[in-house]
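Heads up, data.txt below (compact mmCIF, C-alpha atoms):
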```txt
# COMPACT_ATOMS: atom_id res chain seq x y z
CA MET A 858 -32.10 12.10 10.03
CA ILE A 859 -30.50 8.81 11.02
CA TRP A 860 -33.50 6.82 9.75
CA LEU A 861 -33.62 8.85 6.54
CA THR A 862 -29.92 8.33 5.93
CA TRP A 863 -30.32 4.59 6.47
CA ARG A 864 -33.25 4.39 4.04
CA GLN A 865 -31.31 6.31 1.41
CA HIS A 866 -28.22 4.13 1.63
CA ARG A 867 -29.46 0.71 2.70
CA LYS A 868 -29.33 -0.75 -0.82
CA LEU A 869 -25.80 0.49 -1.33
CA ALA A 870 -24.84 -0.88 2.10
CA PHE A 871 -26.34 -4.25 1.17
CA TYR A 872 -24.49 -4.44 -2.15
CA THR A 873 -21.24 -3.33 -0.50
CA LEU A 874 -21.56 -6.02 2.16
CA LEU A 875 -22.43 -8.58 -0.49
CA GLY A 876 -19.37 -7.62 -2.50
CA PHE A 877 -17.23 -7.89 0.63
CA LEU A 878 -18.54 -11.42 1.27
CA VAL A 879 -17.96 -12.47 -2.34
CA LEU A 880 -14.40 -11.13 -2.15
CA ALA A 881 -13.83 -13.07 1.07
CA ALA A 882 -15.24 -16.25 -0.50
CA VAL A 883 -12.72 -15.93 -3.34
CA LEU A 884 -9.64 -14.89 -1.34
CA VAL A 885 -9.94 -17.04 1.78
CA PRO A 886 -9.42 -20.39 -0.06
CA ILE A 887 -6.44 -18.87 -1.90
CA GLY A 888 -5.01 -17.64 1.40
CA ILE A 889 -5.40 -21.06 3.02
CA THR A 890 -3.70 -22.72 0.04
CA MET A 891 -0.80 -20.24 0.21
CA ARG A 892 -0.32 -20.89 3.91
CA ASN A 893 -0.33 -24.65 3.39
CA THR A 894 2.28 -24.32 0.64
CA PHE A 895 4.33 -22.01 2.86
CA ALA A 896 4.32 -24.64 5.61
CA ASP A 897 5.03 -27.57 3.26
CA LEU A 898 8.13 -25.83 1.90
CA GLY A 899 9.40 -25.21 5.43
CA LEU A 900 9.47 -21.46 4.93
CA ALA A 901 8.39 -20.68 8.48
CA ASP A 902 11.66 -22.27 9.68
CA CYS A 903 13.55 -20.38 6.99
CA VAL A 904 12.18 -17.05 8.23
CA ARG A 905 13.46 -17.82 11.73
CA GLN A 906 16.82 -19.10 10.51
CA LEU A 907 17.50 -16.19 8.18
CA ALA A 908 16.94 -13.79 11.07
CA ASP A 909 20.18 -15.14 12.54
CA PRO A 910 23.16 -13.27 11.02
CA ASN A 911 25.36 -16.33 11.62
CA VAL A 912 23.22 -18.73 9.60
CA ALA A 913 25.19 -21.12 7.41
CA MET A 914 25.54 -20.26 3.73
CA THR A 915 24.11 -23.65 2.70
CA THR A 916 21.00 -23.00 4.78
CA ARG A 917 20.65 -19.55 3.23
CA GLU A 918 20.90 -20.97 -0.29
CA THR A 919 18.39 -23.73 0.46
CA CYS A 920 15.92 -21.24 1.92
CA ASP A 921 16.36 -18.82 -0.98
CA ALA A 922 15.56 -21.66 -3.38
CA SER A 923 12.39 -22.49 -1.41
CA PHE A 924 11.34 -18.85 -1.35
CA ASN A 925 11.83 -18.67 -5.12
CA ARG A 926 9.68 -21.78 -5.61
CA PHE A 927 6.91 -20.22 -3.56
CA SER A 928 7.16 -16.86 -5.35
CA ASN A 929 7.12 -18.49 -8.79
CA ARG A 930 4.02 -20.47 -7.89
CA TYR A 931 2.04 -17.47 -6.68
CA ASP A 932 3.56 -14.77 -8.87
CA SER A 933 0.27 -14.34 -10.74
CA LEU A 934 -1.36 -13.07 -7.55
CA ASN A 935 0.49 -9.78 -8.01
CA LEU A 936 -2.19 -8.83 -10.55
CA VAL A 937 -4.88 -9.64 -7.98
CA ALA A 938 -3.08 -7.43 -5.46
CA VAL A 939 -3.04 -4.55 -7.96
CA LEU A 940 -6.81 -4.88 -8.36
CA LEU A 941 -7.35 -5.02 -4.60
CA ILE A 942 -5.68 -1.67 -3.97
CA THR A 943 -8.42 -0.01 -6.06
CA LEU A 944 -11.15 -0.94 -3.56
CA PRO A 945 -10.83 2.23 -1.40
CA ALA A 946 -11.23 4.29 -4.59
CA LEU A 947 -14.42 2.40 -5.45
CA VAL A 948 -15.83 3.14 -2.01
CA GLY A 949 -15.09 6.82 -2.56
CA LEU A 950 -16.78 6.74 -5.97
CA PHE A 951 -19.99 5.05 -4.90
CA TRP A 952 -20.30 6.20 -1.29
CA GLY A 953 -18.70 9.64 -1.25
CA ALA A 954 -19.31 11.28 -4.61
CA PRO A 955 -23.12 10.76 -4.75
CA LEU A 956 -23.70 11.84 -1.14
CA VAL A 957 -24.14 15.54 -1.97
CA ALA A 958 -23.97 15.59 -5.78
CA ARG A 959 -26.99 13.32 -6.23
CA GLU A 960 -29.13 15.42 -3.88
CA VAL A 961 -28.20 18.63 -5.69
CA GLU A 962 -28.48 17.14 -9.18
CA GLN A 963 -31.98 15.81 -8.47
CA GLY A 964 -33.02 18.92 -6.56
CA THR A 965 -34.07 16.98 -3.44
CA HIS A 966 -31.79 19.10 -1.26
CA ARG A 967 -34.30 21.96 -1.45
CA PHE A 968 -36.97 19.80 0.16
CA VAL A 969 -34.69 18.27 2.79
CA TRP A 970 -33.25 21.56 3.98
CA THR A 971 -36.69 23.17 4.41
CA GLN A 972 -38.10 20.48 6.71
CA GLY A 973 -36.63 21.72 9.98
CA VAL A 974 -33.24 20.10 9.41
CA GLY A 975 -30.45 22.62 9.04
CA ARG A 976 -27.77 22.16 6.44
CA THR A 977 -25.00 21.76 8.99
CA ARG A 978 -26.91 19.13 10.95
CA TRP A 979 -27.81 17.32 7.73
CA ALA A 980 -24.18 17.28 6.65
CA LEU A 981 -22.80 16.21 10.03
CA VAL A 982 -25.28 13.34 10.42
CA LYS A 983 -24.85 12.02 6.88
CA PHE A 984 -21.09 12.46 6.81
CA GLY A 985 -20.75 10.95 10.28
CA LEU A 986 -22.85 7.86 9.58
CA VAL A 987 -21.23 7.19 6.24
CA GLY A 988 -17.78 7.81 7.73
CA GLY A 989 -18.44 5.38 10.58
CA ALA A 990 -19.62 2.69 8.18
CA VAL A 991 -16.57 3.26 5.99
CA VAL A 992 -14.20 2.93 8.97
CA LEU A 993 -15.76 -0.42 9.93
CA LEU A 994 -15.48 -1.61 6.33
CA ALA A 995 -11.86 -0.46 6.08
CA VAL A 996 -10.90 -2.14 9.37
CA GLY A 997 -12.32 -5.44 8.13
CA TYR A 998 -10.59 -4.99 4.80
CA GLY A 999 -7.23 -4.18 6.41
CA LEU A 1000 -7.37 -7.16 8.78
CA GLY A 1001 -8.40 -9.52 6.00
CA MET A 1002 -5.71 -8.30 3.62
CA SER A 1003 -3.04 -8.49 6.34
CA TRP A 1004 -3.88 -12.15 6.83
CA TRP A 1005 -4.03 -12.83 3.09
CA VAL A 1006 -0.75 -11.23 2.04
CA GLU A 1007 1.35 -12.42 4.99
CA PRO A 1008 2.84 -15.45 3.17
CA LEU A 1009 3.56 -13.29 0.11
CA THR A 1010 5.35 -10.62 2.14
CA GLN A 1011 7.42 -13.19 4.04
CA ALA A 1012 8.50 -14.79 0.78
CA ALA A 1013 9.24 -11.49 -0.99
CA HIS A 1014 12.71 -10.01 -0.51
CA GLU A 1015 11.33 -6.52 0.15
CA GLY A 1016 8.90 -7.77 2.82
CA ARG A 1017 5.97 -5.71 4.12
CA LEU A 1018 7.43 -2.40 2.92
CA GLY A 1019 7.26 -3.49 -0.69
CA VAL A 1020 5.24 -1.62 -3.29
CA ILE A 1021 1.55 -2.66 -3.35
CA VAL A 1022 1.70 -5.01 -0.34
CA PHE A 1023 2.32 -2.05 1.98
CA ASP A 1024 -0.89 -0.45 0.67
CA LEU A 1025 -2.99 -3.56 1.26
CA GLN A 1026 -2.42 -4.28 4.93
CA GLY A 1027 -2.19 -2.76 8.36
CA ILE A 1028 -4.03 0.49 9.09
CA VAL A 1029 -3.36 2.45 5.90
CA PRO A 1030 -6.53 1.12 4.17
CA ILE A 1031 -8.51 3.07 6.79
CA GLY A 1032 -6.78 6.30 5.82
CA TYR A 1033 -7.10 5.60 2.10
CA THR A 1034 -10.82 4.82 2.35
CA LEU A 1035 -11.66 7.82 4.52
CA PHE A 1036 -9.74 10.06 2.15
CA ALA A 1037 -11.51 8.64 -0.91
CA VAL A 1038 -14.95 9.15 0.64
CA ALA A 1039 -14.11 12.65 1.89
CA LEU A 1040 -12.75 13.57 -1.55
CA GLY A 1041 -15.96 12.30 -3.15
CA ILE A 1042 -18.10 14.32 -0.76
CA PHE A 1043 -16.04 17.46 -1.38
CA ALA A 1044 -16.17 16.93 -5.15
CA GLY A 1045 -19.96 16.68 -4.92
CA THR A 1046 -20.16 20.10 -3.29
CA VAL A 1047 -18.11 21.69 -6.09
CA TRP A 1048 -19.27 19.79 -9.19
CA LYS A 1049 -23.02 19.42 -8.86
CA ARG A 1050 -23.39 16.49 -11.28
CA MET A 1051 -22.75 13.05 -9.91
CA LEU A 1052 -20.72 11.73 -12.86
CA SER A 1053 -18.49 14.79 -12.79
CA ALA A 1054 -17.96 14.38 -9.06
CA MET A 1055 -17.08 10.71 -9.53
CA GLY A 1056 -14.57 11.52 -12.26
CA ILE A 1057 -12.88 14.20 -10.17
CA THR A 1058 -12.81 11.83 -7.19
CA LEU A 1059 -11.07 9.11 -9.17
CA ALA A 1060 -8.51 11.46 -10.71
CA GLY A 1061 -7.79 13.21 -7.41
CA TYR A 1062 -7.47 9.96 -5.50
CA ILE A 1063 -5.00 8.47 -7.98
CA GLY A 1064 -2.97 11.68 -8.11
CA VAL A 1065 -2.67 12.11 -4.36
CA ARG A 1066 -1.95 8.44 -3.71
CA ALA A 1067 0.78 8.40 -6.36
CA ALA A 1068 2.33 11.62 -5.06
CA VAL A 1069 2.47 10.34 -1.47
CA GLU A 1070 3.82 6.93 -2.44
CA ILE A 1071 6.51 8.22 -4.80
CA LEU A 1072 7.50 11.54 -3.28
CA ALA A 1073 6.74 11.30 0.44
CA ARG A 1074 6.90 7.69 1.64
CA PRO A 1075 10.61 7.10 0.92
CA HIS A 1076 11.40 10.13 3.12
CA TYR A 1077 9.24 9.49 6.21
CA GLN A 1078 12.52 8.70 7.97
CA PRO A 1079 16.11 9.31 6.83
CA ALA A 1080 17.20 6.36 4.73
CA ARG A 1081 20.14 4.25 5.82
CA THR A 1082 23.06 3.15 3.67
CA GLN A 1083 25.26 0.11 3.80
CA THR A 1084 28.14 -1.24 1.75
CA PHE A 1085 29.45 -4.71 1.05
CA PRO A 1086 32.33 -6.04 -1.05
CA ILE A 1087 31.97 -7.11 -4.64
CA GLN A 1088 34.16 -10.13 -4.04
CA GLY A 1089 33.24 -13.06 -1.82
CA GLY A 1090 31.06 -11.20 0.68
CA GLY A 1091 27.66 -11.44 -0.96
CA ILE A 1092 24.56 -9.50 0.00
CA PRO A 1093 24.70 -8.33 3.63
CA GLU A 1094 23.01 -10.44 6.28
CA GLY A 1095 19.55 -9.30 7.31
CA ASP A 1096 18.91 -7.55 4.00
CA ARG A 1097 15.65 -9.49 3.47
CA GLY A 1098 12.62 -7.39 4.37
CA ASN A 1099 14.31 -4.02 3.88
CA TRP A 1100 12.87 -1.59 1.35
CA VAL A 1101 15.79 -0.96 -0.98
CA LEU A 1102 15.55 2.52 -2.53
CA ALA A 1103 18.74 2.59 -4.59
CA VAL A 1104 21.75 0.39 -5.30
CA GLY A 1105 24.97 0.89 -7.19
CA ILE A 1106 28.67 0.18 -7.44
CA ARG A 1107 31.17 2.75 -6.21
CA ASP A 1108 34.93 3.04 -6.63
CA ALA A 1109 37.24 3.19 -3.65
CA ASP A 1110 36.94 7.00 -3.56
CA GLY A 1111 33.11 6.82 -3.42
CA THR A 1112 32.48 7.72 -7.06
CA MET A 1113 29.36 6.02 -8.45
CA VAL A 1114 30.48 3.79 -11.31
CA ALA A 1115 27.23 1.98 -12.12
CA GLU A 1116 23.71 2.63 -10.82
CA ASN A 1117 20.90 0.11 -10.24
CA THR A 1118 23.20 -2.89 -10.27
CA ARG A 1119 25.29 -5.10 -7.99
CA ILE A 1120 28.29 -7.33 -8.49
CA GLN A 1121 28.90 -10.55 -6.59
CA CYS A 1122 32.20 -12.12 -7.54
CA PRO A 1123 33.63 -15.46 -6.41
CA PRO A 1124 36.41 -15.33 -3.79
CA SER A 1125 38.99 -15.86 -6.54
CA GLY A 1126 38.09 -12.49 -8.01
CA LYS A 1127 37.78 -13.90 -11.53
CA GLY A 1128 34.81 -14.92 -13.61
CA PRO A 1129 34.39 -18.19 -15.53
CA ASP A 1130 36.19 -16.66 -18.53
CA GLY A 1131 39.23 -15.85 -16.39
CA ARG A 1132 38.73 -12.09 -16.55
CA VAL A 1133 39.03 -10.01 -13.39
CA CYS A 1134 35.62 -9.40 -11.91
CA GLY A 1135 34.31 -5.93 -12.77
CA ALA A 1136 36.95 -5.29 -15.43
CA ASP A 1137 34.27 -4.44 -18.00
CA LEU A 1138 33.15 -1.56 -15.74
CA GLY A 1139 36.68 -0.29 -15.22
CA LEU A 1140 36.59 -0.96 -11.48
CA GLY A 1141 39.76 -0.40 -9.55
CA PRO A 1142 40.93 -1.96 -6.29
CA GLY A 1143 38.61 -1.29 -3.34
CA ALA A 1144 35.38 -0.99 -5.36
CA TYR A 1145 32.28 -1.96 -3.42
CA ASN A 1146 28.51 -2.36 -3.63
CA TRP A 1147 26.41 0.46 -2.16
CA GLU A 1148 22.79 0.36 -1.04
CA MET A 1149 20.29 2.89 0.35
CA TYR A 1150 17.30 1.41 2.16
CA GLN A 1151 14.52 1.78 4.72
CA PRO A 1152 14.78 -0.92 7.43
CA ALA A 1153 12.03 -3.52 7.70
CA ASP A 1154 11.33 -2.64 11.35
CA ARG A 1155 9.95 0.76 10.28
CA PHE A 1156 6.81 -0.82 8.83
CA TRP A 1157 4.40 0.26 11.59
CA LEU A 1158 5.99 3.69 11.87
CA PHE A 1159 5.46 4.24 8.15
CA GLN A 1160 1.93 2.87 8.42
CA THR A 1161 1.12 5.34 11.19
CA ILE A 1162 2.63 8.30 9.34
CA GLU A 1163 0.84 7.55 6.08
CA THR A 1164 -2.49 6.86 7.78
CA GLY A 1165 -2.16 10.16 9.64
CA ILE A 1166 -1.56 12.02 6.37
CA PHE A 1167 -4.70 10.67 4.72
CA VAL A 1168 -6.88 11.01 7.82
CA ALA A 1169 -5.78 14.65 8.10
CA LEU A 1170 -6.56 15.24 4.42
CA ALA A 1171 -9.97 13.60 4.90
CA ALA A 1172 -10.75 15.80 7.91
CA LEU A 1173 -9.76 18.92 5.97
CA LEU A 1174 -11.90 17.95 2.97
CA LEU A 1175 -14.92 17.21 5.17
CA TYR A 1176 -14.55 20.54 6.97
CA VAL A 1177 -14.48 22.41 3.65
CA ALA A 1178 -17.39 20.29 2.36
CA VAL A 1179 -19.56 21.22 5.36
CA ARG A 1180 -18.85 24.90 4.76
CA ARG A 1181 -19.67 24.55 1.07
CA VAL A 1182 -22.95 22.77 1.84
CA ARG A 1183 -24.05 25.89 3.71
CA ARG A 1184 -23.51 27.96 0.54
CA ILE A 1185 -25.25 25.72 -2.02
CA ALA A 1186 -28.21 27.55 -3.56
```

Taking this structure as input, can you express it in the form of C-alpha cells?
Amino acid sequence: MIWLTWRQHRKLAFYTLLGFLVLAAVLVPIGITMRNTFADLGLADCVRQLADPNVAMTTRETCDASFNRFSNRYDSLNLVAVLLITLPALVGLFWGAPLVAREVEQGTHRFVWTQGVGRTRWALVKFGLVGGAVVLLAVGYGLGMSWWVEPLTQAAHEGRLGVIVFDLQGIVPIGYTLFAVALGIFAGTVWKRMLSAMGITLAGYIGVRAAVEILARPHYQPARTQTFPIQGGGIPEGDRGNWVLAVGIRDADGTMVAENTRIQCPPSGKGPDGRVCGADLGLGPGAYNWEMYQPADRFWLFQTIETGIFVALAALLLYVAVRRVRRIA
C-alpha cells in the first residue's frame, strides 16, 4: 500500500516540491532586501526603544516616521501576502479532493478493494501518508513565512496579530493545511466527481476560515479596554503591536459619542482655527478616547487555540471520511 500510494502521488509530490522551491526563490531575495532596509533605517533600535514606556516623544516621532517610510516602500507586498494565504486551500484542492473522488470517479476503487486490502486499511494508509507529507510541507511553509513577514509585522502598528499576517506565520498554517486536505478527502467521499469535490472543498474552506477569523478569533480571550485623554496625552504607550478591535470617543459619563475614530488635541485644547477641540462633535468636559484590544503578547496563545480548532476539525472530517469509505458501493 505504501509503494502504491507513492506511485500514485509521486508526480503531484514532485510538482508541489517544485512549486515550493520556486516560491522560495522568489520570496527569499525580497525577504533579504526587506531586512536590509529594516536595518538601514535603524528600525531594530526603534523596536527596542519603543518598548520602553518612558521613551522620549522626539524618539517616538522619529521612529514612527521611519516605520512609515518602511511601510510605504513595501506596502505593495500586502497583495502578495493575500495570495500566500491561499496556499493551504490549493493543497486541499489538489491533494485532498482527488484522493477518494478520483478513485471512485474512475472506478479503480473496485479493483483496489478486492485485492486483499480492506477499505479501512486503504484509507488509513493513504490518509496517513498524505497527512504526514502535508504536515512537513506546512511546517516548512510556516517557518519560511514567519521569517519573511517578520520585518513587516514589526513595522506594522498591529504587529503579529494583524489580519493576514497572523494567518501566514507560526503554527496555524499546519492547522489550515490539515483542515483543507481533510475537507477535500471528506468531500470526495460525498461528491463522487473530482471537480465537484474540489468546488465544495474551496467553498467550505473559505467559509470556515472566514467564520473563525471574524466570529471566533476576537473572542479567544476577553478583550481589554483602555482610555486616554483627547487633549495632550496622545496614544497610550505600548499600543504598538496590539490588535485593536474597536475605538471611539466617549463623554465623561461613558456615552459613546463617535465610533471608529480618535481625537488627539494639542495641550492648548484648541485647533489651528481657534475652535475648542471636539466642539464639532459636541464633546463636553471630561471626554476621552476609548479602545478595545487584544494584547500583543497573546500571539502564541491565539496561534495555539486556532491551530487546535482546525486540527480538531480535520480529525473529525477524517474520521467521518473513513466511515464513509466503508459504505461506498

- prompt: At a cut-off of 12 Å from (4.8, -3.0, 11.2) in the coordinates of the file, what residues are picked up using only C-alpha atoms, written as number ranges by chain?
  reply: A: 1003, 1007, 1010, 1016-1018, 1023, 1026-1029, 1098, 1152-1162

query: Need the neighbours of (-17.0, 13.3, -11.5): which residues are at most 10 Å away, counting all atoms listed in the file, as a count of residues only?
result: 20

task: Enter the distance from CA of Leu1175 (chain A) to CA of Pro1030 (chain A), in Å, rounded to one decimal.
output: 18.2 Å

Contacts of Val1069 (chain A) at 12 Å (all atoms listed in the file; same-chain gap of 6+ positions) as a PyMOL selection string: chain A and resi 1024+1033+1062-1063+1075-1077+1159+1162-1164+1166-1167+1170

task: Rank nothing, just name the residue among A:Val991, A:Glu1148, A:Val1101, A:Ala946 nearest to Gly1064 (chain A), using only C-alpha atoms.
output: A:Ala946

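Minimum atom-to-atom distance to Asn1146 (chain A), evaluated using all atoms listed in the file, belongs to A:Val1104 out of A:Val1177, A:Cys1122, A:Val1104, A:Val1182.
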
field: Residue with smallest distance to Gly1165 (chain A) - pool A:Ala908, A:Leu1035, A:Leu1040, A:Ala1115, counting only C-alpha atoms
entry: A:Leu1035

message: One decimal, in Å: what's the spacing between CA of Pro1086 (chain A) and CA of Arg905 (chain A)?
response: 25.7 Å

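Between Ile1185 (chain A) and the residues A:Ser923, A:Glu960, A:Ala1067, A:Thr894, the shortest atom-to-atom distance, using only C-alpha atoms, involves A:Glu960.
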
message: Residues near Arg1097 (chain A), anyone? I mean within 12 Å using all atoms listed in the file, not counting same-chain ones fewer than 2 positions away, as a ChimeraX atom specification.
response: /A:903-910,917,920-921,924,1010-1019,1092-1095,1099-1101,1150-1154

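All residues of protein, DNA or RNA that reach within 12 Å of Gly1141 (chain A), judged by all atoms listed in the file and not counting those fewer than 2 positions away in the chain, are Ile1087, Ile1106, Arg1107, Asp1108, Ala1109, Asp1110, Gly1111, Thr1112, Val1114, Val1133, Cys1134, Gly1135, Ala1136, Asp1137, Leu1138, Gly1139, Gly1143, Ala1144 and Tyr1145 of chain A.
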
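The spacing separating CA of Thr1084 (chain A) from CA of Pro1142 (chain A) amounts to 15.1 Å.
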